[in-house]
Amino acid sequence: MKLKFTKMHGCGNDYIYFNCFEEKINDPGALSVKLSDRRYGIGSDGIILICPSDIADAKMRMFNVDGSEGKMCGNGIRCVGKYLYDNNMVKNNEITIETLSGVKTLKVAPKNDEAEFLTVDMGKAEFLSYKIPVNIESDKVINREMIFGGKSYNITCVSMGNPHCVVFCDDIESIDINKIGPEFENSKLFPEKVNTEFVKVIDEKTLDMRVWERGSGETFACGTGASAVVAAAVVNGICKENDEVTVNLKGGTLKIKYTDSSVYMTGEAKKVFEGVIEV
């Protein structure tokens with residue numbers, strides 16, 4: 001079977017995109033494992049299917065490197081928006097995309113008739129433990145000391161449609177993320193596993209971040225992670241509500257604005273190349 005695909009990335013968070021308006025993918029989890037391999041496949045953080053939807057302009061399904069399906073992907077959804085806009089599948093500057101975390105609205109800032117920057121309404125940040133979920137008796141986990149891998153960390157837990165654990169620390173470069181990341185991801189504290197962000201505060205409007213994503217390992221960027229980080233920074237008194245905060249990731253920069261009702265994420269979306277692969 002020959003499949004057409006488009007390789008795209010947002011801040012280096014790269015996925016392989018399939019237009020399922022035109023072709024059918026029978027086993028996307030297995031396909032993601034096969035194609036995401038950076039030596040024997042195309043190479044990516046996973047695959048994303050762009051599908052028809054009864055309630056939005058399109059539906060996004062995202063699969064991680066290990067084949068597991070994710071509920072939401074901030075960098076991925078911007079690329080879906082760009083694909084729909086650039087290929088004239090949506091004719092206006094506001095796009096709705098169905099995800100497993102609900103319908104998200106994107107606003108397009110075009111350049112030369114192509115989507116360059118997109119702003120995503122990520123929805124409300126959720127801090128209630130049972131909604132994240134976190135296996136703990138406390139209603140919320142905010143700046144709470146916990147043990148992972150035999151070391152103490154102060155964590156703040158938040159959901160942006162998927163679970164996040166945010167750790168503020170003075171030095172993020174020296175962290176052995178390949179060692180400690182799985183300790184967080186597979187902790188019994190998180191029944192659905194967890195994405196973990198290690199964050200250095202530069203000032204009240206600038207944060208540096210590294211991320212360990214469940215099912216994928218360390219990635220160059222994570223849109224839901226950057227949104228969770230700013231939400232956590234606001235509730236911890238580090239950043240201010242309604243301010244636009246710059247989040248620097250390994251693969252680029254995202255602008256995040258936290259409000260009481262929603263979190264807004266703005267960033268680039270880039271097409272790398274198109275191709276056909278035989279599977």
# chains A, B, ... in the order shown; residues from 1 in each chain; ligands from 1
>>> select_by_dssp(residues="segment 44-154 of chain A", states="strand (DSSP E or B)", output="PyMOL selection string")
chain A and resi 46-51+58-64+69-70+94-99+102-111+114-121+126+128+140+144-148+151-154
>>> residues_around(residues="Thr259 of chain A", least_positions_apart="3", cutoff="6 Å", atoms="only C-alpha atoms", output="MDAnalysis selection string")
chainID A and resid 241:242 262:263
>>> write_last_selection(atoms="N, CA and C atoms", output="short mmCIF file (atom, residue, chain, number, x, y, z; two decimals), in the first residue's frame")
data_model
loop_
_atom_site.label_atom_id
_atom_site.label_comp_id
_atom_site.auth_asym_id
_atom_site.auth_seq_id
_atom_site.Cartn_x
_atom_site.Cartn_y
_atom_site.Cartn_z
N GLU A 241 -1.61 36.49 35.41
CA GLU A 241 -2.74 36.18 34.55
C GLU A 241 -2.91 37.27 33.49
N ASN A 242 -3.26 36.87 32.26
CA ASN A 242 -3.52 37.74 31.11
C ASN A 242 -2.26 38.31 30.47
N SER A 262 -9.46 30.29 29.89
CA SER A 262 -8.82 29.56 28.82
C SER A 262 -7.33 29.88 28.78
N VAL A 263 -6.60 29.10 27.97
CA VAL A 263 -5.18 29.34 27.72
C VAL A 263 -5.01 29.47 26.21
#
>>> closest_atom_pairs(of="segment 209-228 of chain A", to="segment 114-137 of chain A", cutoff="10 Å", atoms="only C-alpha atoms", output="Markdown table")
| residue | atom | partner | partner_atom | distance |
| --- | --- | --- | --- | --- |
| A:Gly223 | CA | A:Met122 | CA | 9.2 |
| A:Thr224 | CA | A:Met122 | CA | 7.7 |
| A:Ser227 | CA | A:Met122 | CA | 7.9 |
| A:Ala228 | CA | A:Ala125 | CA | 7.1 |
>>> residues_around(residues="Gly225 of chain A", least_positions_apart="3", cutoff="12 Å", atoms="only C-alpha atoms", output="NGL selection string")
:A and (13 or 72-75 or 122 or 125 or 157-167 or 194-199 or 208-214 or 218-222 or 228-232 or 247-249 or 254 or 256 or 263 or 265)
>>> atom_distance(atom1="atom CA of Lys188 of chain A", atom2="atom CA of Glu69 of chain A")
20.0 Å
>>> residues_around(residues="segment 47-55 of chain A", least_positions_apart="4", cutoff="7 Å", atoms="only C-alpha atoms", output="ChimeraX atom specification")
/A:15-21,32,59-64,80,98
>>> select_by_dssp(residues="segment 31-249 of chain A", states="alpha helix (DSSP H)", output="number ranges by chain")
A: 31-36, 74-86, 177-185, 223-235
>>> atom_distance(atom1="atom CA of Gly46 of chain A", atom2="atom CA of Gly102 of chain A")
20.5 Å
>>> closest_residue(among="A:Val103, A:Val234, A:Ala30, A:Val90", to="Gly67 of chain A", atoms="only C-alpha atoms")
A:Ala30
>>> closest_residue(among="A:Ile177, A:Asn88, A:Ser216, A:Val141", to="Val235 of chain A", atoms="only C-alpha atoms")
A:Val141
